[in-house]
$ cat entry02.txt   # compact mmCIF, C-alpha atoms
# COMPACT_ATOMS: atom_id res chain seq x y z
CA MET M 1266 47.14 279.10 40.98
CA SER M 1267 43.39 279.65 40.90
CA GLU M 1268 41.28 280.02 44.04
CA LYS M 1269 39.66 276.65 43.36
CA GLU M 1270 42.94 274.70 43.65
CA LEU M 1271 43.89 273.14 46.96
CA ARG M 1272 47.50 273.64 47.94
CA VAL M 1273 49.36 271.19 50.17
CA SER M 1274 51.40 273.06 52.77
CA LYS M 1275 55.17 273.20 52.65
CA ILE M 1276 57.17 271.01 54.99
CA ARG M 1277 59.97 272.36 57.19
CA ASP M 1278 62.36 269.39 56.89
CA GLY M 1279 62.04 266.08 55.07
CA THR M 1280 61.56 264.65 51.60
CA VAL M 1281 59.19 265.38 48.75
CA ILE M 1282 58.85 262.53 46.26
CA ASP M 1283 57.39 264.05 43.12
CA HIS M 1284 56.50 262.82 39.61
CA LEU M 1285 55.54 259.35 40.85
CA ALA M 1286 53.58 257.26 38.39
CA ALA M 1287 49.88 257.75 39.12
CA GLY M 1288 48.62 255.21 41.66
CA GLN M 1289 52.04 254.54 43.26
CA ALA M 1290 51.82 256.79 46.34
CA LEU M 1291 50.54 254.04 48.65
CA ASN M 1292 53.25 251.66 47.41
CA VAL M 1293 55.82 254.35 48.23
CA LEU M 1294 54.47 254.51 51.78
CA ALA M 1295 54.82 250.72 52.00
CA ILE M 1296 58.43 250.87 50.74
CA LEU M 1297 59.18 253.50 53.37
CA GLY M 1298 57.47 251.45 56.08
CA ILE M 1299 55.01 254.25 56.80
CA ASP M 1300 51.67 252.99 58.09
CA GLY M 1301 50.62 255.93 60.25
CA SER M 1302 51.85 254.47 63.53
CA GLY M 1303 55.26 256.18 63.48
CA GLY M 1304 53.96 259.68 63.96
CA GLU M 1305 55.68 261.28 60.95
CA GLY M 1306 53.74 263.92 59.06
CA VAL M 1307 52.81 262.68 55.59
CA SER M 1308 50.96 264.43 52.76
CA ILE M 1309 49.81 262.51 49.70
CA GLY M 1310 48.49 263.73 46.39
CA MET M 1311 47.19 261.11 43.97
CA ASN M 1312 46.27 261.39 40.29
CA ILE M 1313 47.23 265.06 40.12
CA PRO M 1314 47.37 266.61 36.62
CA SER M 1315 50.98 266.83 35.39
CA ASP M 1316 52.53 268.31 32.27
CA ARG M 1317 55.23 265.63 32.18
CA LEU M 1318 53.23 262.51 33.10
CA ALA M 1319 49.57 263.40 32.34
CA ARG M 1320 48.77 262.31 35.93
CA LYS M 1321 51.12 261.87 38.87
CA ASP M 1322 51.28 261.15 42.58
CA ILE M 1323 53.30 263.12 45.12
CA VAL M 1324 54.35 262.17 48.67
CA LYS M 1325 55.74 264.54 51.30
CA VAL M 1326 57.33 263.01 54.39
CA GLU M 1327 58.32 265.30 57.25
CA GLY M 1328 61.47 264.74 59.26
CA ARG M 1329 62.92 262.01 57.05
CA GLU M 1330 65.45 261.70 54.25
CA LEU M 1331 65.41 258.53 52.15
CA SER M 1332 68.13 255.87 52.14
CA GLN M 1333 69.73 254.86 48.85
CA SER M 1334 68.04 251.44 48.97
CA GLU M 1335 64.64 253.14 49.32
CA VAL M 1336 65.42 255.40 46.36
CA ASP M 1337 66.54 252.36 44.33
CA VAL M 1338 63.20 250.62 44.81
CA LEU M 1339 61.29 253.82 44.02
CA SER M 1340 63.19 254.01 40.74
CA VAL M 1341 61.88 250.59 39.76
CA ILE M 1342 58.20 251.33 40.43
CA SER M 1343 58.38 254.93 39.22
CA PRO M 1344 61.40 255.72 37.02
CA GLU M 1345 60.35 259.35 36.41
CA ALA M 1346 60.27 260.25 40.12
CA THR M 1347 62.20 263.15 41.57
CA ILE M 1348 63.45 263.36 45.16
CA ASN M 1349 63.55 266.78 46.81
CA ILE M 1350 65.32 267.16 50.16
CA ILE M 1351 63.81 269.99 52.21
CA ARG M 1352 65.55 271.81 55.06
CA ASP M 1353 64.03 274.84 56.77
CA TYR M 1354 61.29 275.01 54.08
CA GLU M 1355 63.82 275.23 51.21
CA VAL M 1356 64.77 272.64 48.58
CA VAL M 1357 68.45 271.94 49.28
CA ASP M 1358 68.83 268.97 46.92
CA LYS M 1359 66.74 267.84 43.96
CA LYS M 1360 67.51 264.79 41.88
CA ARG M 1361 65.81 262.38 39.56
CA VAL M 1362 65.94 258.76 40.60
CA GLU M 1363 68.40 256.56 38.73
CA ARG M 1364 67.74 252.90 38.16
CA PRO M 1365 70.40 250.79 39.86
CA GLU M 1366 71.87 247.64 38.31
CA GLU M 1367 70.34 245.55 41.10
CA VAL M 1368 68.09 245.78 44.16
CA THR M 1369 68.62 243.60 47.23
CA GLY M 1370 66.28 242.58 50.02
CA VAL M 1371 63.25 244.67 49.10
CA VAL M 1372 61.37 242.56 46.54
CA SER M 1373 60.22 238.97 47.04
CA CYS M 1374 60.69 236.42 44.28
CA PRO M 1375 57.30 235.16 43.06
CA ASN M 1376 58.77 231.68 42.45
CA ARG M 1377 57.77 229.65 45.52
CA ASN M 1378 60.65 227.23 44.82
CA CYS M 1379 63.32 229.97 44.81
CA ILE M 1380 65.99 229.65 47.53
CA THR M 1381 64.95 233.09 48.82
CA ASN M 1382 61.56 231.62 49.79
CA ALA M 1383 62.93 228.53 51.56
CA ASP M 1384 63.48 229.94 55.07
CA GLU M 1385 67.17 230.20 54.29
CA PRO M 1386 69.16 233.26 55.43
CA VAL M 1387 69.37 234.56 51.86
CA ALA M 1388 68.33 238.07 50.88
CA SER M 1389 66.52 238.45 47.58
CA ARG M 1390 68.61 239.96 44.80
CA PHE M 1391 67.22 241.20 41.50
CA GLU M 1392 68.91 242.47 38.36
CA VAL M 1393 67.12 245.59 37.11
CA LEU M 1394 65.90 245.24 33.51
CA SER M 1395 64.35 247.89 31.28
CA ASP M 1396 60.85 246.52 31.99
CA GLY M 1397 61.18 244.78 35.35
CA LEU M 1398 63.45 242.67 37.53
CA ARG M 1399 65.16 239.27 37.18
CA CYS M 1400 65.81 237.15 40.28
CA GLY M 1401 69.54 236.66 40.77
CA TYR M 1402 68.98 233.11 42.03
CA CYS M 1403 66.28 231.45 39.94
CA GLY M 1404 65.94 233.86 36.99
CA ASP M 1405 62.20 234.51 37.46
CA ILE M 1406 61.06 237.83 36.02
CA VAL M 1407 58.99 240.37 37.92
CA ARG M 1408 57.49 242.80 35.39
CA GLU M 1409 57.41 246.51 36.21
CA GLY M 1410 53.67 246.42 36.91
CA GLU M 1411 54.12 243.49 39.33
CA VAL M 1412 56.88 244.98 41.48
CA ALA M 1413 54.50 246.66 43.93
CA GLU M 1414 52.68 243.42 44.74
CA ASN M 1415 56.02 241.66 45.35
CA LEU M 1416 57.48 244.28 47.70
CA ASP M 1417 59.06 242.73 50.77
CA VAL M 1418 58.56 245.49 53.31
CA SER M 1419 57.78 243.44 56.40

$ encode --input "entry02.txt" --output "structure tokens"
Amino acid sequence: MSEKELRVSKIRDGTVIDHLAAGQALNVLAILGIDGSGGEGVSIGMNIPSDRLARKDIVKVEGRELSQSEVDVLSVISPEATINIIRDYEVVDKKRVERPEEVTGVVSCPNRNCITNADEPVASRFEVLSDGLRCGYCGDIVREGEVAENLDVS
């Protein structure tokens, strides 16, 4: 590492989400419900040069390990991502995200007439396709590039 490079400090315990598609770091924070008010330490690198992706984002979250549903949504917006679990400054688990067959309750259907948008107690359910998601109720397609704007993280 040259003297001109800035190095983000290691975290004691938490999660490092690496190899995110460039520009997705803020969407990852939204998926995780991190808006700065919770007090967790967060480091973000955006558009960092990467051998594997040309450019990538990286997110470090202190004191938190991700749930499987959070990882599932990350896999849809950034299928090349890796999740590193850190304990006492050491990587204790490293895995690439795997795309699930479906995601539930984390993406809103863009079809205003879908049952999931009708104030009914129905959680959204999407089948994961190679290039996006298909609503399990109305069949509407959410393309990979549109997933972030349809996140239901309220």

$ atom_distance --input "entry02.txt" --atom1 "atom CA of Glu1345 of chain M" --atom2 "atom CA of Ser1274 of chain M"
23.1 Å

$ closest_residue --input "entry02.txt" --among "M:Ala1413, M:Asn1376, M:Arg1399, M:Pro1386" --to "Ala1290 of chain M" --atoms "all atoms listed in the file"
M:Ala1413

$ atom_distance --input "entry02.txt" --atom1 "atom CA of Gly1404 of chain M" --atom2 "atom CA of Thr1369 of chain M"
14.4 Å

$ atom_distance --input "entry02.txt" --atom1 "atom CA of Val1368 of chain M" --atom2 "atom CA of Asp1405 of chain M"
14.4 Å

$ closest_residue --input "entry02.txt" --among "M:Cys1403, M:Cys1374, M:Ile1351, M:Val1338" --to "Ile1296 of chain M" --atoms "only C-alpha atoms"
M:Val1338

$ decode --input "entry02.txt" --residues "segment 1303-1347 of chain M" --atoms "C-alpha atoms" --output "PDB file, in the first residue's frame"
ATOM      1  CA  GLY M1303     -28.775   3.997  15.927  1.00  0.00           C
ATOM      2  CA  GLY M1304     -25.263   4.789  17.048  1.00  0.00           C
ATOM      3  CA  GLU M1305     -23.504   1.905  15.276  1.00  0.00           C
ATOM      4  CA  GLY M1306     -20.098   2.616  13.789  1.00  0.00           C
ATOM      5  CA  VAL M1307     -20.226   2.474   9.995  1.00  0.00           C
ATOM      6  CA  SER M1308     -17.466   2.923   7.416  1.00  0.00           C
ATOM      7  CA  ILE M1309     -18.280   3.249   3.721  1.00  0.00           C
ATOM      8  CA  GLY M1310     -16.036   3.134   0.699  1.00  0.00           C
ATOM      9  CA  MET M1311     -17.615   3.927  -2.663  1.00  0.00           C
ATOM     10  CA  ASN M1312     -16.269   3.465  -6.182  1.00  0.00           C
ATOM     11  CA  ILE M1313     -13.028   1.918  -4.967  1.00  0.00           C
ATOM     12  CA  PRO M1314     -10.796   0.325  -7.646  1.00  0.00           C
ATOM     13  CA  SER M1315     -11.225  -3.469  -7.665  1.00  0.00           C
ATOM     14  CA  ASP M1316      -9.502  -6.219  -9.617  1.00  0.00           C
ATOM     15  CA  ARG M1317     -12.678  -8.306  -9.733  1.00  0.00           C
ATOM     16  CA  LEU M1318     -15.316  -5.630 -10.400  1.00  0.00           C
ATOM     17  CA  ALA M1319     -13.385  -2.663 -11.878  1.00  0.00           C
ATOM     18  CA  ARG M1320     -15.031  -0.506  -9.162  1.00  0.00           C
ATOM     19  CA  LYS M1321     -16.717  -1.595  -5.948  1.00  0.00           C
ATOM     20  CA  ASP M1322     -18.293  -0.343  -2.739  1.00  0.00           C
ATOM     21  CA  ILE M1323     -17.528  -1.657   0.741  1.00  0.00           C
ATOM     22  CA  VAL M1324     -19.502  -1.245   3.982  1.00  0.00           C
ATOM     23  CA  LYS M1325     -18.232  -2.008   7.491  1.00  0.00           C
ATOM     24  CA  VAL M1326     -20.784  -2.169  10.302  1.00  0.00           C
ATOM     25  CA  GLU M1327     -19.537  -2.470  13.864  1.00  0.00           C
ATOM     26  CA  GLY M1328     -21.324  -4.599  16.434  1.00  0.00           C
ATOM     27  CA  ARG M1329     -23.739  -6.252  14.021  1.00  0.00           C
ATOM     28  CA  GLU M1330     -24.032  -9.506  12.099  1.00  0.00           C
ATOM     29  CA  LEU M1331     -26.520  -9.677   9.235  1.00  0.00           C
ATOM     30  CA  SER M1332     -29.696 -11.759   9.205  1.00  0.00           C
ATOM     31  CA  GLN M1333     -30.293 -14.209   6.369  1.00  0.00           C
ATOM     32  CA  SER M1334     -33.107 -12.042   4.966  1.00  0.00           C
ATOM     33  CA  GLU M1335     -30.739  -9.059   4.824  1.00  0.00           C
ATOM     34  CA  VAL M1336     -28.130 -11.165   3.025  1.00  0.00           C
ATOM     35  CA  ASP M1337     -30.799 -12.406   0.592  1.00  0.00           C
ATOM     36  CA  VAL M1338     -31.704  -8.865  -0.457  1.00  0.00           C
ATOM     37  CA  LEU M1339     -28.034  -7.901  -0.754  1.00  0.00           C
ATOM     38  CA  SER M1340     -27.584 -10.820  -3.146  1.00  0.00           C
ATOM     39  CA  VAL M1341     -30.242  -9.381  -5.435  1.00  0.00           C
ATOM     40  CA  ILE M1342     -28.767  -5.876  -5.652  1.00  0.00           C
ATOM     41  CA  SER M1343     -25.150  -7.040  -5.629  1.00  0.00           C
ATOM     42  CA  PRO M1344     -24.668 -10.725  -6.527  1.00  0.00           C
ATOM     43  CA  GLU M1345     -20.846 -10.555  -6.299  1.00  0.00           C
ATOM     44  CA  ALA M1346     -20.836  -9.350  -2.678  1.00  0.00           C
ATOM     45  CA  THR M1347     -18.930 -11.114   0.071  1.00  0.00           C
TER      46      THR M1347
END
